[in-house]
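Colleague: I have a structure here, written as C-alpha cells, and I will follow up with some questions on it.
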Amino acid sequence: MPDDQPRPTGLLDRLQALLGPSGLLSAPEDLAPHLTDWRGLYRGRAPFLLRPANATELSEAVRLCAGAGAALVPQGGNTSMVGGAVPDESGLQVPVSLARLNRMRDVDPVDMTMTVEAGVVVKAAQDAAAAAGCLFPLSFGGEGSATVGGVLSTNAGGNTTVRYGNARELVLGLEVVLPDGRVWNGLRRLRKDNTGYALRHLFVGAEGTLGFITAAVLRLFPRARESEVAFCAVASEEAALSLFRRFRDRDETAVRAFEYMSGAGVDLVARHVAGAALPVETRAGHYALVDLASSRPDAGLRGMMEAVLEEALEAEEVLDAAIGGSEAQRAALWRIREEHPEAQRLAGASVKNDVSVPVSKTPELMRRCSEALRALVPGSVPVPFGHLGDGNIHMNLLQPEDTDPAAFLARSHEIMDAVNAVVRDLGGSPSAEHGIGRLKAGILEEWRGGPELDLMHRIKAAIDPAGLMNPGKLFPP
Ligand code: MLT
Ligand code: ZN
C-alpha cells in the first residue's frame, strides 16, 4: 500500500482474516489493472482490492466495510465505456472484483434458463448455453471480457437487442448482496411472478449503486439453425433505415441484428485493423450489416436475404452487397463492425456519445450531429455507427489528426452537449446502453428532473442510506 494513503487498519486486518491471501490484494502491481478502465481514460487510487470467493464471503466483507464506513466499487470485466467501475482519486474507495464468483450454477434446457454467478464472462455464458443446445443472446464487442454482473448492472444492450431486448429483458431472478451485507435470494426462474414490486429491475441498470449482483437467472432461447449475414453499401442514412424496415416488415422475428456504419468508420477499420478489408467493391459513405437467424431448420433465410436485397438494389437504396457464404465469412463481415471501437482507439482520442432516438429519427440524428460536431471542432471526424435497429447510435467523434489528444478530450463535455442538444430535440436519451458511470454523472439532474429524479434519490437513500455503494457514479459525488 502506498505510504501516503490512509490505512483503515482494523478493517484491513479483519478483511484479511475473512478473505485470506487470494481474497485481498494490496501490492501495486495487483491493484494497477483495477484502478483504470480499458481505454485508460480514468485512473483512481485504492488502499486494497477485495476478491471474495463467494456471496457469503462478499456479504461478510460488505458488513465489515459498512461498519467501518468504507465505500465500495463493484468491478466486473472492467469494460465500462463510462468509467463505471473505477474508484475515484481519494484512495479511500475499495474496489471489489467479482471475478472469483464465476460458477455456472445450472443450465436448464426445459425451463430455458441458466443460473450463473456475476463473475462469469459473457462469452462463457454463451458457450455454456450453446453446449446445452440453447442460445444466450446477449452479444457485443466486449463479450470476451465483460461479465454477467457488469452487463446486468449496466443493463447492457449490444448487437441483438433488436430481437431479444437489453440485459434487463433477459433476467428472471437475481441474488444480491445489499449495502448492509444481507443477501437477497431472488433467484426465481419463473416466467410469471406478480408478487409486488419487481425488485430485480431496480438492481439491473443501477450501476452498482444499490448493492452487488452476485448471481442471476437468465432466459435462454432456441439456438439458431439457420443464419445469414450481409454487408451492404447503402446510399444514405435514410436508405439504411429503409433497408431495416424492408427486412423487419418481411419477417421481424428473423432480424437478429441491424447495424449501421459510416464510410469514415469503415475506413478507420480498414486502415488500423489487419485483415478487415472492405468486402464490397463500392466505397460508400454509408454501410449496413444485417444478420438474420432462425431456429427453424427450413426458414429459407437465404431466399429472404436475396429477395430483400434485390428490391433495395432496384430502389437504389443498396449500392452493393456481400453475403457471407460460410460461418467464417459471416464472422469476417461482423468483424468490420465489431472492430469499430478498437480502430477508433488506435486512431487517436475519441469522445463517445452513446445515444438513442426513436428509430425513425436516426438519419436526422446522424446528419445534424455530424454537422454540429464538424463546426464545433474543425478537422474532427464524426464516426456514427451502431445499433440502428434500436435507434441507438454511437455518435462518436475522433480527434483532428494534428491535435493534442488531451486538448481534444478536455472538450468532451462541450462535444457531448452539442450531441445532446440534437438528441433532446429528437426526443432521445443521452445514455442508451453504456450507462452513466463517472463520465455522465450529473446529467440526470438535467434529463430526469422532477419526480423521476426525486424517486431515484429516495430509492438510493432507502437501500444505501450511508451512500457507500459506488459513490460518484450515476449521481455526482
Ligand atoms: C459498440 O457497439 O461497439 C460499442 O457499444 C460502442 C462504442 O465503443 O462506442
Ligand atoms: Zn454499442
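Every chain in the C-alpha cells takes a letter, A first, then B, and so on in the order presented; its residues are numbered from 1, and the ligands are numbered from 1 following the presented order.
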From the DSSP assignment of the backbone, select every residue of range 222-421 of chain A that is strand (DSSP E or B), and format the answer as JSON, numbers by chain.

Modeller: {"A": [222, 226, 227, 228, 229, 230, 231, 232, 233, 234, 255, 256, 257, 258, 259, 260, 261, 262, 286, 287, 288, 289, 290, 291, 292, 293, 294, 318, 319, 320, 321, 322, 323, 350, 351, 354, 355, 356, 381, 382, 383, 384, 385, 386, 387, 392, 393, 394, 395, 396, 397, 398]}

Colleague: Check which residues of chain A sit at most 9 Å from ligand 2 using only C-alpha atoms and all ligand atoms, and return one row each with the closest pair of atoms and their distance in Å to one decimal, ordered by chain and rising number, as CSV.

Modeller:
residue,atom,partner,partner_atom_place_in_ligand_line,distance
A:Phe140,CA,ligand 2,1 (Zn),7.0
A:Gly141,CA,ligand 2,1 (Zn),8.0
A:Ala156,CA,ligand 2,1 (Zn),8.6
A:Gly157,CA,ligand 2,1 (Zn),6.9
A:Gly158,CA,ligand 2,1 (Zn),5.0
A:Asn159,CA,ligand 2,1 (Zn),6.9
A:Asp354,CA,ligand 2,1 (Zn),7.4
A:Phe385,CA,ligand 2,1 (Zn),8.4
A:Gly386,CA,ligand 2,1 (Zn),5.7
A:His387,CA,ligand 2,1 (Zn),6.5
A:Asn392,CA,ligand 2,1 (Zn),7.5
A:Ile393,CA,ligand 2,1 (Zn),7.6
A:His394,CA,ligand 2,1 (Zn),6.6
A:Ala432,CA,ligand 2,1 (Zn),8.6
A:Glu433,CA,ligand 2,1 (Zn),6.8
A:His434,CA,ligand 2,1 (Zn),7.6

Colleague: For ligand 1, which of A:Phe247, A:Phe212, A:Phe203, A:Tyr260 is the closest residue, counting only C-alpha atoms and all ligand atoms?

Modeller: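 Smallest separation from ligand 1 among the options: A:Tyr260.
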
Colleague: Could you go through range 155-342 of chain A and tell me which residues DSSP, when run on the backbone, assigns to alpha helix (DSSP H), listing them as JSON, numbers by chain?

Modeller: {"A": [161, 162, 163, 164, 200, 201, 202, 203, 237, 238, 239, 240, 241, 242, 243, 244, 245, 246, 247, 248, 249, 250, 263, 264, 265, 266, 267, 268, 269, 270, 271, 272, 301, 302, 303, 304, 305, 306, 307, 308, 309, 310, 311, 312, 313, 314, 327, 328, 329, 330, 331, 332, 333, 334, 335, 336, 337, 338, 340, 341, 342]}

Colleague: With C-alpha atoms retained, write the just-selected residues as an mmCIF file, in the first residue's frame.

Modeller:
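File written: again.cif
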data_model
loop_
_atom_site.group_PDB
_atom_site.id
_atom_site.type_symbol
_atom_site.label_atom_id
_atom_site.label_comp_id
_atom_site.auth_asym_id
_atom_site.auth_seq_id
_atom_site.Cartn_x
_atom_site.Cartn_y
_atom_site.Cartn_z
ATOM 1 C CA THR A 161 -31.249 -6.018 -28.681
ATOM 2 C CA VAL A 162 -33.429 -5.548 -31.741
ATOM 3 C CA ARG A 163 -34.515 -9.199 -31.415
ATOM 4 C CA TYR A 164 -34.014 -10.167 -27.742
ATOM 5 C CA ARG A 200 -34.772 -7.207 -9.769
ATOM 6 C CA HIS A 201 -35.418 -4.347 -12.159
ATOM 7 C CA LEU A 202 -34.087 -1.884 -9.572
ATOM 8 C CA PHE A 203 -30.714 -3.583 -9.402
ATOM 9 C CA GLU A 237 -28.670 7.215 -43.719
ATOM 10 C CA GLU A 238 -32.295 7.131 -44.933
ATOM 11 C CA ALA A 239 -31.506 4.204 -47.221
ATOM 12 C CA ALA A 240 -30.091 2.299 -44.238
ATOM 13 C CA LEU A 241 -33.296 2.892 -42.287
ATOM 14 C CA SER A 242 -35.419 1.896 -45.249
ATOM 15 C CA LEU A 243 -33.407 -1.331 -45.649
ATOM 16 C CA PHE A 244 -34.010 -2.140 -41.984
ATOM 17 C CA ARG A 245 -37.741 -1.637 -42.490
ATOM 18 C CA ARG A 246 -37.768 -3.908 -45.540
ATOM 19 C CA PHE A 247 -36.261 -6.771 -43.506
ATOM 20 C CA ARG A 248 -38.353 -6.111 -40.423
ATOM 21 C CA ASP A 249 -41.577 -5.898 -42.396
ATOM 22 C CA ARG A 250 -40.782 -9.159 -44.221
ATOM 23 C CA GLY A 263 -17.796 5.439 -44.500
ATOM 24 C CA ALA A 264 -15.431 7.136 -42.024
ATOM 25 C CA GLY A 265 -15.740 4.260 -39.534
ATOM 26 C CA VAL A 266 -15.238 1.535 -42.132
ATOM 27 C CA ASP A 267 -12.168 3.374 -43.482
ATOM 28 C CA LEU A 268 -10.688 3.548 -39.964
ATOM 29 C CA VAL A 269 -11.181 -0.191 -39.519
ATOM 30 C CA ALA A 270 -9.559 -0.937 -42.897
ATOM 31 C CA ARG A 271 -6.626 1.333 -42.010
ATOM 32 C CA HIS A 272 -5.954 0.172 -38.449
ATOM 33 C CA LEU A 301 -33.277 -17.125 -44.884
ATOM 34 C CA ARG A 302 -31.008 -17.093 -47.942
ATOM 35 C CA GLY A 303 -34.065 -16.592 -50.138
ATOM 36 C CA MET A 304 -35.337 -13.814 -47.913
ATOM 37 C CA MET A 305 -31.931 -12.117 -47.823
ATOM 38 C CA GLU A 306 -31.579 -12.194 -51.607
ATOM 39 C CA ALA A 307 -35.141 -11.058 -52.254
ATOM 40 C CA VAL A 308 -34.941 -8.058 -49.931
ATOM 41 C CA LEU A 309 -31.511 -7.003 -51.208
ATOM 42 C CA GLU A 310 -32.786 -7.299 -54.783
ATOM 43 C CA GLU A 311 -35.705 -4.973 -54.003
ATOM 44 C CA ALA A 312 -33.400 -2.492 -52.271
ATOM 45 C CA LEU A 313 -30.884 -2.584 -55.156
ATOM 46 C CA GLU A 314 -33.706 -1.822 -57.564
ATOM 47 C CA GLU A 327 -19.520 -19.268 -40.874
ATOM 48 C CA ALA A 328 -16.000 -17.858 -41.396
ATOM 49 C CA GLN A 329 -17.224 -15.344 -43.980
ATOM 50 C CA ARG A 330 -20.094 -14.260 -41.758
ATOM 51 C CA ALA A 331 -17.626 -13.711 -38.901
ATOM 52 C CA ALA A 332 -15.370 -11.690 -41.221
ATOM 53 C CA LEU A 333 -18.281 -9.404 -42.149
ATOM 54 C CA TRP A 334 -19.172 -8.925 -38.481
ATOM 55 C CA ARG A 335 -15.547 -8.188 -37.677
ATOM 56 C CA ILE A 336 -15.660 -4.950 -39.666
ATOM 57 C CA ARG A 337 -18.448 -3.740 -37.420
ATOM 58 C CA GLU A 338 -17.001 -5.154 -34.207
ATOM 59 C CA HIS A 340 -15.010 -0.043 -34.788
ATOM 60 C CA PRO A 341 -14.199 0.778 -31.126
ATOM 61 C CA GLU A 342 -10.685 -0.684 -31.406
#

Colleague: I'd like the contact shell of Leu210 in chain A - 12 Å cut-off, only C-alpha atoms, skipping same-chain residues fewer than 5 positions apart - returned as an NGL selection string.

Modeller: :A and (72-74 or 153 or 176-181 or 199-205 or 456-471 or 473-474)
